[in-house]
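Quick look at run.txt (compact mmCIF, C-alpha atoms):
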# COMPACT_ATOMS: atom_id res chain seq x y z
CA MET A 1 -59.96 24.41 -9.30
CA SER A 2 -61.73 21.92 -7.10
CA ARG A 3 -59.66 22.11 -4.01
CA ARG A 4 -59.61 19.07 -1.84
CA GLN A 5 -60.02 19.65 1.87
CA LYS A 6 -56.50 19.78 3.22
CA ILE A 7 -55.74 17.77 6.30
CA SER A 8 -54.10 19.60 9.14
CA LEU A 9 -52.99 18.40 12.56
CA SER A 10 -51.25 20.08 15.45
CA GLU A 11 -47.51 19.47 15.40
CA GLU A 12 -47.90 17.32 18.53
CA ASP A 13 -50.61 15.10 17.03
CA LEU A 14 -48.74 14.92 13.77
CA ILE A 15 -45.56 13.73 15.46
CA ALA A 16 -47.51 11.10 17.43
CA ALA A 17 -49.23 9.83 14.26
CA LEU A 18 -45.93 9.81 12.35
CA GLY A 19 -44.46 7.63 15.08
CA LYS A 20 -47.24 5.11 14.45
CA ARG A 21 -46.79 5.32 10.68
CA GLU A 22 -50.48 6.06 10.16
CA LYS A 23 -51.62 7.06 6.71
CA ILE A 24 -53.38 10.12 8.08
CA ALA A 25 -50.00 11.33 9.29
CA ALA A 26 -48.56 11.13 5.79
CA GLU A 27 -51.54 12.96 4.34
CA ALA A 28 -51.38 15.70 6.95
CA LEU A 29 -47.62 15.94 6.52
CA TYR A 30 -48.05 16.38 2.79
CA ASP A 31 -50.88 18.90 3.00
CA MET A 32 -49.20 20.96 5.66
CA TYR A 33 -45.64 21.01 4.39
CA SER A 34 -45.31 19.89 0.77
CA ALA A 35 -45.63 23.42 -0.65
CA SER A 36 -43.12 24.90 1.80
CA LEU A 37 -40.65 22.08 1.15
CA PHE A 38 -41.22 22.25 -2.58
CA GLY A 39 -40.55 26.00 -2.44
CA VAL A 40 -37.07 25.24 -1.13
CA ILE A 41 -36.45 22.27 -3.44
CA SER A 42 -37.64 23.97 -6.62
CA ARG A 43 -35.41 26.97 -6.03
CA ILE A 44 -32.39 24.65 -5.94
CA VAL A 45 -33.56 22.18 -8.62
CA ILE A 46 -35.05 24.26 -11.43
CA ASP A 47 -36.50 21.46 -13.56
CA THR A 48 -40.02 20.87 -12.20
CA ALA A 49 -40.12 17.13 -12.89
CA ILE A 50 -36.76 16.55 -11.22
CA ALA A 51 -37.74 18.83 -8.33
CA GLU A 52 -40.89 16.75 -7.85
CA ASP A 53 -38.76 13.60 -7.77
CA VAL A 54 -36.65 15.19 -5.06
CA LEU A 55 -39.83 16.08 -3.17
CA GLN A 56 -40.85 12.45 -3.33
CA ASP A 57 -37.41 11.32 -2.13
CA THR A 58 -37.74 13.86 0.68
CA PHE A 59 -41.06 12.44 1.85
CA VAL A 60 -39.78 8.88 1.64
CA LYS A 61 -36.74 9.81 3.69
CA ILE A 62 -38.78 11.76 6.24
CA TRP A 63 -41.16 8.82 6.53
CA ASN A 64 -38.51 6.15 6.83
CA SER A 65 -36.06 7.91 9.09
CA PHE A 66 -38.63 9.56 11.31
CA ALA A 67 -37.25 7.56 14.26
CA SER A 68 -34.13 9.72 14.11
CA TYR A 69 -36.12 12.94 14.59
CA SER A 70 -36.03 14.29 18.11
CA ALA A 71 -38.60 16.90 19.08
CA GLU A 72 -36.31 18.09 21.88
CA LYS A 73 -33.71 19.21 19.40
CA GLY A 74 -35.96 21.30 17.25
CA ARG A 75 -39.13 21.76 15.29
CA LEU A 76 -40.32 19.14 12.83
CA PHE A 77 -40.17 21.53 9.89
CA THR A 78 -36.57 22.47 10.62
CA TRP A 79 -35.61 18.81 10.48
CA MET A 80 -37.62 18.22 7.30
CA VAL A 81 -36.42 21.28 5.41
CA ASN A 82 -32.82 20.31 6.05
CA ILE A 83 -33.52 16.86 4.59
CA ALA A 84 -35.18 18.48 1.57
CA ARG A 85 -32.34 20.97 1.06
CA ASN A 86 -29.67 18.28 1.35
CA LEU A 87 -31.42 15.96 -1.12
CA ALA A 88 -31.90 18.84 -3.56
CA ILE A 89 -28.22 19.80 -3.33
CA ASP A 90 -27.18 16.16 -3.68
CA LYS A 91 -29.30 16.01 -6.80
CA ILE A 92 -27.81 19.04 -8.55
CA ARG A 93 -24.31 17.92 -7.60
CA SER A 94 -24.87 14.36 -8.84
CA LYS A 95 -23.14 13.28 -12.03
CA ASP A 96 -26.18 12.45 -14.12
CA PHE A 97 -27.88 15.70 -13.18
CA LYS A 98 -24.81 17.70 -14.17
CA ASN A 99 -24.68 15.87 -17.50
CA GLN A 100 -28.34 16.62 -18.18
CA ASN A 101 -28.15 20.23 -17.20
CA LYS A 102 -24.82 21.47 -18.43
CA ASN A 103 -26.31 24.63 -19.83
CA GLN A 104 -28.67 25.30 -16.99
CA GLU A 105 -28.01 28.69 -15.48
CA LEU A 106 -28.18 28.17 -11.77
CA GLU A 107 -27.58 31.77 -10.77
CA ASN A 108 -30.48 33.95 -9.73
CA ASN A 109 -32.85 31.06 -9.69
CA VAL A 110 -34.75 32.51 -6.78
CA THR A 111 -35.93 35.43 -8.89
CA PHE A 112 -36.25 33.17 -11.90
CA ILE A 113 -38.50 30.74 -10.12
CA ASP A 114 -40.69 33.51 -8.79
CA GLU A 115 -41.09 35.00 -12.24
CA LYS A 116 -41.84 31.64 -13.78
CA ARG A 117 -44.46 30.51 -11.35
CA ASN A 118 -47.50 32.22 -10.06
CA THR A 119 -48.24 29.35 -7.80
CA VAL A 120 -48.42 31.37 -4.63
CA TYR A 121 -51.84 32.81 -4.91
CA ASN A 122 -52.92 32.29 -1.41
CA PRO A 123 -54.65 35.16 0.37
CA GLU A 124 -53.35 34.06 3.75
CA LEU A 125 -49.85 34.44 2.45
CA LEU A 126 -50.17 37.89 0.98
CA GLY A 127 -49.43 39.45 4.34
CA LEU A 128 -46.42 37.19 4.78
CA LYS A 129 -45.09 38.13 1.37
CA ASP A 130 -45.39 41.80 2.17
CA LEU A 131 -43.41 41.28 5.32
CA VAL A 132 -40.69 39.47 3.41
CA GLU A 133 -40.49 42.46 1.09
CA LYS A 134 -39.53 44.57 4.08
CA LEU A 135 -36.18 42.81 4.29
CA LYS A 136 -33.21 44.87 3.12
CA PRO A 137 -31.85 43.63 -0.22
CA GLU A 138 -28.60 42.41 1.33
CA GLN A 139 -30.56 40.59 4.01
CA LYS A 140 -32.80 38.94 1.43
CA SER A 141 -29.89 37.92 -0.74
CA ILE A 142 -28.00 36.20 2.10
CA LEU A 143 -31.17 34.54 3.32
CA ASP A 144 -31.98 33.27 -0.17
CA LEU A 145 -28.47 31.98 -0.70
CA VAL A 146 -28.32 29.93 2.48
CA TYR A 147 -31.99 29.01 2.73
CA PHE A 148 -33.05 28.51 -0.85
CA LYS A 149 -29.86 27.80 -2.71
CA GLY A 150 -28.32 25.63 -0.05
CA TYR A 151 -25.07 27.60 0.25
CA THR A 152 -23.08 27.16 3.43
CA HIS A 153 -22.25 30.47 5.06
CA VAL A 154 -18.66 29.98 3.92
CA GLU A 155 -19.76 29.56 0.29
CA ALA A 156 -22.10 32.54 0.65
CA ALA A 157 -19.24 34.71 1.91
CA ASP A 158 -17.26 33.63 -1.12
CA GLU A 159 -20.14 34.29 -3.50
CA LEU A 160 -20.94 37.73 -2.09
CA GLY A 161 -17.32 38.67 -1.50
CA VAL A 162 -17.78 39.67 2.13
CA PRO A 163 -16.06 38.43 5.31
CA LEU A 164 -17.50 35.46 7.21
CA GLY A 165 -18.31 37.61 10.24
CA THR A 166 -20.36 39.97 8.09
CA ILE A 167 -22.26 37.02 6.63
CA LYS A 168 -23.14 35.74 10.08
CA THR A 169 -24.26 39.21 11.22
CA ARG A 170 -26.33 39.84 8.10
CA LEU A 171 -27.95 36.45 8.37
CA ARG A 172 -28.81 37.05 12.00
CA MET A 173 -30.16 40.52 11.26
CA ALA A 174 -32.26 39.13 8.41
CA ILE A 175 -33.82 36.56 10.69
CA VAL A 176 -34.32 39.07 13.48
CA GLN A 177 -36.12 41.28 10.93
CA LEU A 178 -38.31 38.33 9.90
CA ARG A 179 -39.16 37.66 13.52
CA LYS A 180 -40.21 41.25 14.06
CA ASN A 181 -42.47 41.01 11.05
CA PHE A 182 -43.92 37.62 11.74
CA ASN A 183 -44.50 37.89 15.45
CA MET B 1 -21.68 31.40 32.12
CA LYS B 2 -22.91 34.89 32.81
CA VAL B 3 -26.03 36.33 31.27
CA GLU B 4 -23.89 38.61 29.09
CA GLU B 5 -21.94 35.68 27.78
CA VAL B 6 -25.12 33.79 26.92
CA LYS B 7 -26.35 36.89 25.11
CA ALA B 8 -23.08 37.14 23.22
CA TYR B 9 -23.38 33.47 22.28
CA ILE B 10 -26.87 34.10 20.95
CA ALA B 11 -25.72 37.21 19.09
CA SER B 12 -22.79 35.36 17.48
CA GLY B 13 -25.07 33.93 14.76
CA ILE B 14 -24.23 30.30 15.55
CA LEU B 15 -27.85 29.49 16.39
CA GLU B 16 -29.04 30.58 12.94
CA LEU B 17 -26.40 28.40 11.32
CA TYR B 18 -27.44 25.52 13.60
CA VAL B 19 -31.04 25.80 12.42
CA LEU B 20 -29.82 25.87 8.82
CA GLY B 21 -27.81 22.70 9.45
CA ASP B 22 -24.63 24.62 8.61
CA VAL B 23 -22.49 23.72 11.66
CA SER B 24 -19.77 21.18 12.41
CA PRO B 25 -20.65 18.14 14.55
CA ALA B 26 -18.75 19.72 17.49
CA GLU B 27 -20.66 23.00 17.13
CA ARG B 28 -23.90 21.06 16.91
CA LEU B 29 -23.22 19.30 20.23
CA GLU B 30 -22.24 22.62 21.78
CA VAL B 31 -25.46 24.34 20.67
CA GLU B 32 -27.57 21.41 21.90
CA ALA B 33 -25.81 21.47 25.28
CA MET B 34 -26.33 25.24 25.52
CA ALA B 35 -30.01 24.85 24.67
CA VAL B 36 -30.46 22.33 27.47
CA LYS B 37 -28.57 24.50 29.94
CA TYR B 38 -29.91 27.98 29.07
CA PRO B 39 -33.64 28.50 28.40
CA ALA B 40 -32.78 31.76 26.64
CA VAL B 41 -30.82 29.81 24.01
CA LYS B 42 -33.66 27.31 23.62
CA GLU B 43 -36.16 30.14 23.21
CA GLU B 44 -33.98 31.89 20.67
CA LEU B 45 -33.61 28.68 18.67
CA LEU B 46 -37.37 28.20 18.58
CA ALA B 47 -37.92 31.78 17.45
CA ILE B 48 -35.38 31.35 14.64
CA GLU B 49 -37.00 28.09 13.59
CA ARG B 50 -40.46 29.62 13.55
CA SER B 51 -39.42 32.61 11.49
CA LEU B 52 -37.59 30.49 8.93
CA GLU B 53 -40.62 28.23 8.77
CA MET B 54 -42.76 31.27 8.06
CA TYR B 55 -40.25 32.44 5.49
CA ALA B 56 -40.55 29.08 3.74
CA LYS B 57 -44.33 29.38 3.92
CA ALA B 58 -44.15 32.83 2.34
CA ASN B 59 -42.11 31.38 -0.50
CA GLU B 60 -44.06 28.19 -0.92
CA VAL B 61 -44.58 26.55 -4.33
CA GLU B 62 -47.36 23.99 -4.85
CA PRO B 63 -46.15 20.78 -6.42
CA GLY B 64 -48.22 19.27 -9.23
CA ASP B 65 -51.64 17.88 -8.27
CA LYS B 66 -50.74 14.33 -9.29
CA LYS B 67 -47.74 14.31 -7.02
CA ARG B 68 -49.76 13.96 -3.82
CA ASP B 69 -51.07 10.49 -4.64
CA ALA B 70 -47.77 9.38 -6.12
CA ILE B 71 -45.90 10.36 -2.99
CA LEU B 72 -48.48 9.03 -0.54
CA ASN B 73 -48.51 5.72 -2.41
CA SER B 74 -44.73 5.42 -2.27
CA LEU B 75 -44.72 5.26 1.55
CA ASP B 76 -44.97 2.09 3.65
CA TYR B 77 -47.60 2.28 6.33
CA GLY B 78 -47.97 0.54 9.66
CA ALA B 79 -45.70 -1.78 11.69
CA ALA B 80 -43.85 1.06 13.28
CA SER B 81 -40.66 0.04 15.05
CA GLU B 82 -39.68 -2.86 12.83
CA GLN B 83 -40.37 -0.95 9.65
CA ASP B 84 -38.34 1.93 10.97
CA ASN B 85 -35.22 -0.10 11.19
CA LYS B 86 -35.80 -1.87 7.92
CA ASN B 87 -36.53 1.29 6.06
CA GLU B 88 -33.76 3.16 7.70
CA ALA B 89 -31.42 0.53 6.40
CA LYS B 90 -33.00 1.04 2.99
CA VAL B 91 -32.43 4.78 3.15
CA VAL B 92 -28.83 4.28 4.09
CA THR B 93 -28.28 1.94 1.18
CA LEU B 94 -29.90 4.32 -1.32
CA VAL B 95 -26.55 5.72 -2.38
CA LYS B 96 -24.73 2.46 -1.96
CA PRO B 97 -26.06 0.18 -4.71
CA GLN B 98 -23.93 1.86 -7.34
CA ILE B 99 -20.77 1.52 -5.27
CA ASN B 100 -21.76 -2.04 -4.46
CA PHE B 101 -22.53 -2.69 -8.09
CA TYR B 102 -19.07 -1.62 -9.17
CA LYS B 103 -17.52 -3.44 -6.24
CA TYR B 104 -19.33 -6.64 -7.19
CA ALA B 105 -18.69 -6.10 -10.87
CA PHE B 106 -15.01 -5.68 -10.13
CA ALA B 107 -14.93 -8.77 -7.93
CA ALA B 108 -16.83 -10.74 -10.58
CA SER B 109 -14.43 -9.62 -13.30
CA LEU B 110 -11.49 -10.59 -11.14
CA ALA B 111 -12.97 -14.01 -10.41
CA LEU B 112 -13.70 -14.48 -14.10
CA LEU B 113 -10.15 -13.48 -14.98
CA ILE B 114 -8.70 -15.95 -12.45
CA ALA B 115 -11.03 -18.70 -13.69
CA SER B 116 -10.04 -17.94 -17.29
CA VAL B 117 -6.35 -18.09 -16.46
CA ILE B 118 -6.80 -21.42 -14.67
CA ALA B 119 -8.85 -22.78 -17.56
CA LEU B 120 -6.26 -21.53 -20.02
CA LEU B 121 -3.42 -23.16 -18.07
CA SER B 122 -5.25 -26.47 -17.85
CA VAL B 123 -6.08 -26.37 -21.55
CA TYR B 124 -2.46 -25.49 -22.28
CA SER B 125 -1.11 -28.38 -20.23
CA ARG B 126 -3.59 -30.76 -21.84
CA LEU B 127 -2.55 -29.47 -25.25
CA LYS B 128 1.06 -30.13 -24.33
CA GLU B 129 0.21 -33.69 -23.21
CA THR B 130 -1.70 -34.24 -26.41
CA THR B 131 1.20 -32.96 -28.51
CA ILE B 132 3.55 -35.38 -26.75
CA LEU B 133 1.04 -38.18 -27.22
CA VAL B 134 0.65 -37.34 -30.91
CA ALA B 135 4.44 -37.33 -31.34
CA SER B 136 4.80 -40.72 -29.64
CA LEU B 137 1.90 -42.11 -31.69
CA GLN B 138 3.56 -40.82 -34.85
CA ASN B 139 6.77 -42.52 -33.78
CA GLN B 140 4.97 -45.78 -33.13
CA ASN B 141 3.19 -45.41 -36.43
CA ARG B 142 6.48 -44.92 -38.21
CA GLU B 143 7.94 -47.96 -36.47
CA ILE B 144 4.93 -50.04 -37.36
CA ALA B 145 5.05 -48.81 -40.95
CA SER B 146 8.72 -49.68 -41.26
CA THR B 147 8.12 -53.08 -39.66
CA VAL B 148 5.25 -53.69 -42.05
CA SER B 149 7.37 -52.74 -45.07
CA LEU B 150 10.14 -54.99 -43.78
CA LYS B 151 7.72 -57.85 -43.33
CA ASP B 152 6.39 -57.12 -46.80
CA GLY B 153 9.94 -57.48 -48.07
CA GLU B 154 10.31 -60.81 -46.21
CA ILE B 155 7.04 -62.10 -47.59
CA ASP B 156 8.16 -61.06 -51.09
CA VAL B 157 11.34 -63.06 -50.61
CA LEU B 158 9.40 -66.13 -49.51
CA ARG B 159 6.92 -65.78 -52.36
CA ASP B 160 9.45 -65.02 -55.04
CA PRO B 161 10.15 -68.27 -56.94
CA SER B 162 13.58 -67.02 -58.03
CA PHE B 163 14.75 -67.25 -54.40
CA LYS B 164 16.38 -70.46 -53.43
CA LEU B 165 16.43 -71.48 -49.80
CA LEU B 166 19.52 -73.17 -48.50
CA LYS B 167 19.92 -74.45 -45.01
CA LEU B 168 23.52 -74.19 -43.80
CA GLN B 169 24.36 -77.03 -41.41
CA GLY B 170 26.69 -76.97 -38.45
CA THR B 171 30.27 -78.16 -38.82
CA LYS B 172 32.33 -80.23 -36.44
CA ILE B 173 33.12 -77.31 -34.13
CA SER B 174 29.44 -76.37 -33.79
CA PRO B 175 27.23 -79.28 -34.82
CA SER B 176 24.02 -77.69 -33.61
CA ALA B 177 24.46 -74.40 -35.46
CA ALA B 178 22.25 -73.67 -38.43
CA ILE B 179 21.11 -70.73 -40.53
CA THR B 180 18.94 -70.38 -43.62
CA VAL B 181 20.14 -68.37 -46.62
CA ALA B 182 17.74 -67.14 -49.30
CA TRP B 183 19.43 -66.32 -52.57
CA SER B 184 18.09 -65.07 -55.87
CA PRO B 185 20.63 -65.30 -58.68
CA VAL B 186 18.17 -63.35 -60.87
CA LYS B 187 17.82 -60.48 -58.46
CA LYS B 188 21.38 -60.90 -57.13
CA LYS B 189 20.07 -60.75 -53.58
CA VAL B 190 21.08 -62.65 -50.49
CA TRP B 191 19.10 -62.74 -47.24
CA ILE B 192 19.66 -64.61 -44.05
CA ASP B 193 16.72 -65.55 -41.83
CA MET B 194 17.40 -64.50 -38.26
CA ALA B 195 14.14 -66.05 -37.05
CA THR B 196 15.32 -69.59 -37.69
CA ALA B 197 19.04 -68.98 -37.09
CA LYS B 198 20.63 -71.13 -34.38
CA MET B 199 24.02 -69.57 -33.98
CA PRO B 200 25.94 -69.54 -30.68
CA SER B 201 26.13 -65.95 -29.45
CA ASN B 202 29.27 -64.10 -30.35
CA ASP B 203 31.26 -61.77 -28.05
CA LYS B 204 31.99 -58.14 -28.66
CA GLU B 205 35.31 -58.71 -30.38
CA HIS B 206 33.91 -61.15 -32.89
CA GLN B 207 31.20 -61.28 -35.56
CA TYR B 208 29.93 -63.89 -37.94
CA GLN B 209 30.84 -63.39 -41.59
CA LEU B 210 28.89 -64.90 -44.51
CA TRP B 211 30.87 -66.14 -47.46
CA ALA B 212 29.87 -67.36 -50.89
CA LEU B 213 32.11 -69.90 -52.56
CA VAL B 214 32.42 -69.07 -56.22
CA ALA B 215 34.54 -71.53 -58.20
CA GLY B 216 36.31 -72.56 -55.02
CA LYS B 217 37.05 -68.98 -53.90
CA PRO B 218 35.38 -67.28 -50.91
CA VAL B 219 33.59 -64.01 -51.53
CA ASP B 220 32.64 -61.77 -48.57
CA LEU B 221 28.89 -61.24 -48.19
CA GLY B 222 28.97 -59.16 -44.99
CA VAL B 223 28.94 -59.64 -41.26
CA PHE B 224 26.17 -60.21 -38.69
CA ASP B 225 25.69 -60.89 -35.01
CA ALA B 226 23.88 -63.86 -33.52
CA ASP B 227 21.12 -61.52 -32.61
CA THR B 228 18.59 -63.10 -30.31
CA ILE B 229 16.22 -60.15 -30.24
CA SER B 230 15.72 -59.52 -33.97
CA LYS B 231 13.55 -61.99 -35.78
CA ASP B 232 13.83 -60.24 -39.13
CA MET B 233 15.38 -61.34 -42.32
CA LYS B 234 18.64 -59.57 -42.95
CA GLU B 235 19.79 -58.58 -46.41
CA MET B 236 23.47 -59.27 -47.15
CA LYS B 237 25.74 -58.21 -50.02
CA SER B 238 24.64 -59.27 -53.48
CA ILE B 239 26.08 -62.02 -55.60
CA THR B 240 25.14 -63.63 -58.94
CA LEU B 241 27.00 -66.88 -58.76
CA ALA B 242 27.59 -69.17 -55.83
CA ASP B 243 28.34 -72.85 -55.35
CA ALA B 244 28.08 -72.83 -51.61
CA PHE B 245 27.56 -70.53 -48.60
CA ALA B 246 29.44 -70.65 -45.35
CA VAL B 247 29.66 -68.69 -42.11
CA THR B 248 32.89 -68.23 -40.15
CA LEU B 249 33.56 -66.48 -36.88
CA GLU B 250 35.86 -63.55 -37.53
CA LYS B 251 37.09 -60.49 -35.67
CA ARG B 252 34.52 -57.74 -35.49
CA GLY B 253 34.02 -56.01 -38.85
CA GLY B 254 35.01 -59.09 -40.86
CA SER B 255 38.20 -60.40 -42.44
CA PRO B 256 39.40 -60.32 -46.09
CA THR B 257 39.80 -64.09 -46.07
CA PRO B 258 37.85 -66.60 -44.02
CA SER B 259 39.45 -68.40 -41.08
CA LEU B 260 38.46 -71.86 -42.19
CA ASP B 261 39.11 -73.44 -38.79
CA GLU B 262 36.43 -71.13 -37.40
CA MET B 263 33.79 -72.21 -39.96
CA MET B 264 30.49 -72.65 -38.15
CA VAL B 265 28.05 -73.68 -40.88
CA ILE B 266 28.16 -74.57 -44.53
CA GLY B 267 25.69 -75.52 -47.23
CA LYS B 268 26.03 -76.41 -50.90
CA PHE B 269 23.69 -76.42 -53.80

What does the file become when written as structure tokens?
Amino acid sequence: MSRRQKISLSEEDLIAALGKREKIAAEALYDMYSASLFGVISRIVIDTAIAEDVLQDTFVKIWNSFASYSAEKGRLFTWMVNIARNLAIDKIRSKDFKNQNKNQELENNVTFIDEKRNTVYNPELLGLKDLVEKLKPEQKSILDLVYFKGYTHVEAADELGVPLGTIKTRLRMAIVQLRKNFN
Amino acid sequence: MKVEEVKAYIASGILELYVLGDVSPAERLEVEAMAVKYPAVKEELLAIERSLEMYAKANEVEPGDKKRDAILNSLDYGAASEQDNKNEAKVVTLVKPQINFYKYAFAASLALLIASVIALLSVYSRLKETTILVASLQNQNREIASTVSLKDGEIDVLRDPSFKLLKLQGTKISPSAAITVAWSPVKKKVWIDMATAKMPSNDKEHQYQLWALVAGKPVDLGVFDADTISKDMKEMKSITLADAFAVTLEKRGGSPTPSLDEMMVIGKF
């Protein structure tokens, strides 16, 4: 695999370049975030080709509505991943997608996707993956539902059959656990 | 708000939902206000964002190699502020074209329907006019045909050598009166020519009556009016023998015997 040199900028520089609509900004944006965004998208939209279309829509939307991003309100990735998740959910809820994928089993796609792909062979990430494994199963499942499957916490409570308060607590505990591991 | 309350707010789990975009607009404004007011909230938000970003990184999936160029080529570069607005408008309309399409399609169908109805009505009214016109033309045609056949009959009379023409002259009571009788003993037909008739006009109670004199006796040949409009020849009752023809003025409908003092014209062979 002849890996191209990936372009990386600091978040500050990236935001400045995005504001000027420079090509380098788009390249850096893609190299820095496409895999993370695609991880979220492809866990919601199973079909790779359709997921890649959604990724493209995501980049177009990020690019075109960048003026509505405000750095004071949060990190760039947070804003982008919410765009990606919403577009992915819109896609699987759209009529033509439903018609195409009537028989597609959407449950457990997080595990499914991870079994199907061995894309994450990145030594830097091995440590990260280990840390994720330290999450309790119920923490991982709530995190995957709301983060990767695009469930609202209300839908997740319904799906898991636990009260809303419990969902919120578990979600918070899961993220607290992640923070301990990552920091 | 006390420190404990801020801590409780942080512990409530609302900040995590905010980062996930899973809050109502009111909650969103509340969280943003809290973040501005309390550095602890802001810090907590950042920490949540960073860890979820790392979590996404840990679960990353590389898109296909070809996708990079495809995506980078699908973006518009340069001309910042103007493009922003233009493209933002584009993004907003992404979902709309379908709705617009159906809206326009519906409007177009409606317009087409209205136009069709108008066209249909106008065609219908023209058809009606045409039908009336055709009927009146047919009527005229029939009239002309009957006139032609009548004229044919008149011409036949004039051409037929068996017809004898006799001009009845006015009597003393109406010296200027005159009428022409055409008689064919062979065909037993009698016509009077209204075109050349010069009879004083009769009133509503009276009519002229044509008589044939056969061996000195009057025979009724029918009645007529001194019609000034009709210029046709009028066929009267038939007779085989006649010495003379005469016209008297009688009460309407005719009389069984002629009133000789009312004799207007007479002519003998």

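Atom pair atom CA of A:Phe148 / atom CA of A:Val40: separated by 5.2 Å.
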
Need the shell around A:Val81: protein/DNA/RNA residues with any atom at most 12 Å away, counting all atoms listed in the file. Skip same-chain ones fewer than 5 positions apart. Format as a short mmCIF file (atom, residue, chain, number, x, y, z; two decimals) with C-alpha atoms, in the frame of the given file?
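Dumped to selection07.cif:
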data_model
loop_
_atom_site.label_atom_id
_atom_site.label_comp_id
_atom_site.auth_asym_id
_atom_site.auth_seq_id
_atom_site.Cartn_x
_atom_site.Cartn_y
_atom_site.Cartn_z
CA TYR A 33 -45.64 21.01 4.39
CA SER A 34 -45.31 19.89 0.77
CA ALA A 35 -45.63 23.42 -0.65
CA SER A 36 -43.12 24.90 1.80
CA LEU A 37 -40.65 22.08 1.15
CA PHE A 38 -41.22 22.25 -2.58
CA GLY A 39 -40.55 26.00 -2.44
CA VAL A 40 -37.07 25.24 -1.13
CA ILE A 41 -36.45 22.27 -3.44
CA LEU A 55 -39.83 16.08 -3.17
CA THR A 58 -37.74 13.86 0.68
CA PHE A 59 -41.06 12.44 1.85
CA LYS A 61 -36.74 9.81 3.69
CA ILE A 62 -38.78 11.76 6.24
CA GLY A 74 -35.96 21.30 17.25
CA ARG A 75 -39.13 21.76 15.29
CA LEU A 76 -40.32 19.14 12.83
CA ASN A 86 -29.67 18.28 1.35
CA LEU A 87 -31.42 15.96 -1.12
CA ALA A 88 -31.90 18.84 -3.56
CA TYR A 147 -31.99 29.01 2.73
CA PHE A 148 -33.05 28.51 -0.85
CA GLY A 150 -28.32 25.63 -0.05
CA VAL B 19 -31.04 25.80 12.42
CA LEU B 20 -29.82 25.87 8.82
CA GLY B 21 -27.81 22.70 9.45
CA GLU B 49 -37.00 28.09 13.59
CA LEU B 52 -37.59 30.49 8.93
CA GLU B 53 -40.62 28.23 8.77
CA TYR B 55 -40.25 32.44 5.49
CA ALA B 56 -40.55 29.08 3.74
CA LYS B 57 -44.33 29.38 3.92
#

Write down, as a short mmCIF file (atom, residue, chain, number, x, y, z; two decimals) with C-alpha atoms, in the frame of the given file, each residue of chain B that has any atom within 8 Å of an atom of chain A, counting all atoms listed in the file.
data_model
loop_
_atom_site.label_atom_id
_atom_site.label_comp_id
_atom_site.auth_asym_id
_atom_site.auth_seq_id
_atom_site.Cartn_x
_atom_site.Cartn_y
_atom_site.Cartn_z
CA ALA B 11 -25.72 37.21 19.09
CA SER B 12 -22.79 35.36 17.48
CA GLY B 13 -25.07 33.93 14.76
CA ILE B 14 -24.23 30.30 15.55
CA GLU B 16 -29.04 30.58 12.94
CA LEU B 17 -26.40 28.40 11.32
CA VAL B 19 -31.04 25.80 12.42
CA LEU B 20 -29.82 25.87 8.82
CA GLY B 21 -27.81 22.70 9.45
CA ASP B 22 -24.63 24.62 8.61
CA GLU B 32 -27.57 21.41 21.90
CA LEU B 45 -33.61 28.68 18.67
CA LEU B 46 -37.37 28.20 18.58
CA ALA B 47 -37.92 31.78 17.45
CA ILE B 48 -35.38 31.35 14.64
CA GLU B 49 -37.00 28.09 13.59
CA SER B 51 -39.42 32.61 11.49
CA LEU B 52 -37.59 30.49 8.93
CA GLU B 53 -40.62 28.23 8.77
CA MET B 54 -42.76 31.27 8.06
CA TYR B 55 -40.25 32.44 5.49
CA ALA B 56 -40.55 29.08 3.74
CA LYS B 57 -44.33 29.38 3.92
CA ALA B 58 -44.15 32.83 2.34
CA ASN B 59 -42.11 31.38 -0.50
CA GLU B 60 -44.06 28.19 -0.92
CA VAL B 61 -44.58 26.55 -4.33
CA GLU B 62 -47.36 23.99 -4.85
CA PRO B 63 -46.15 20.78 -6.42
CA GLY B 64 -48.22 19.27 -9.23
CA LYS B 67 -47.74 14.31 -7.02
CA ARG B 68 -49.76 13.96 -3.82
CA ILE B 71 -45.90 10.36 -2.99
CA LEU B 72 -48.48 9.03 -0.54
CA SER B 74 -44.73 5.42 -2.27
CA LEU B 75 -44.72 5.26 1.55
CA ASP B 76 -44.97 2.09 3.65
CA TYR B 77 -47.60 2.28 6.33
CA GLY B 78 -47.97 0.54 9.66
CA ALA B 79 -45.70 -1.78 11.69
CA ALA B 80 -43.85 1.06 13.28
CA GLN B 83 -40.37 -0.95 9.65
CA ASP B 84 -38.34 1.93 10.97
CA ASN B 87 -36.53 1.29 6.06
CA GLU B 88 -33.76 3.16 7.70
CA VAL B 91 -32.43 4.78 3.15
#

Go through B:Val123, B:Val186, B:Leu168, B:Ile192 and flag the residue nearest B:Met263, using only C-alpha atoms for the distances.
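Among B:Val123, B:Val186, B:Leu168, B:Ile192, it is B:Leu168 that comes nearest to B:Met263.
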
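Distances to B:Met236 were evaluated for B:Arg142, B:Lys37, B:His206, B:Lys188 using all atoms listed in the file, and the minimum falls at B:Lys188.
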
Worksheet entry | Between atom CA of B:Lys103 and atom CA of B:Leu121, distance in Å (one decimal) |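 Spanning atom CA of B:Lys103 to atom CA of B:Leu121 is a straight-line distance of 27.0 Å.
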
Local residues around (16.4, -77.1, -49.6), at most 12 Å away, using all atoms listed in the file, as a list in words
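All residues meeting the 12 Å criterion around (16.4, -77.1, -49.6) are Phe163, Lys164, Leu165, Leu166, Lys167, Leu168, Gln169, Thr180, Val181, Ala182, Trp183, Gly267, Lys268 and Phe269 of chain B.
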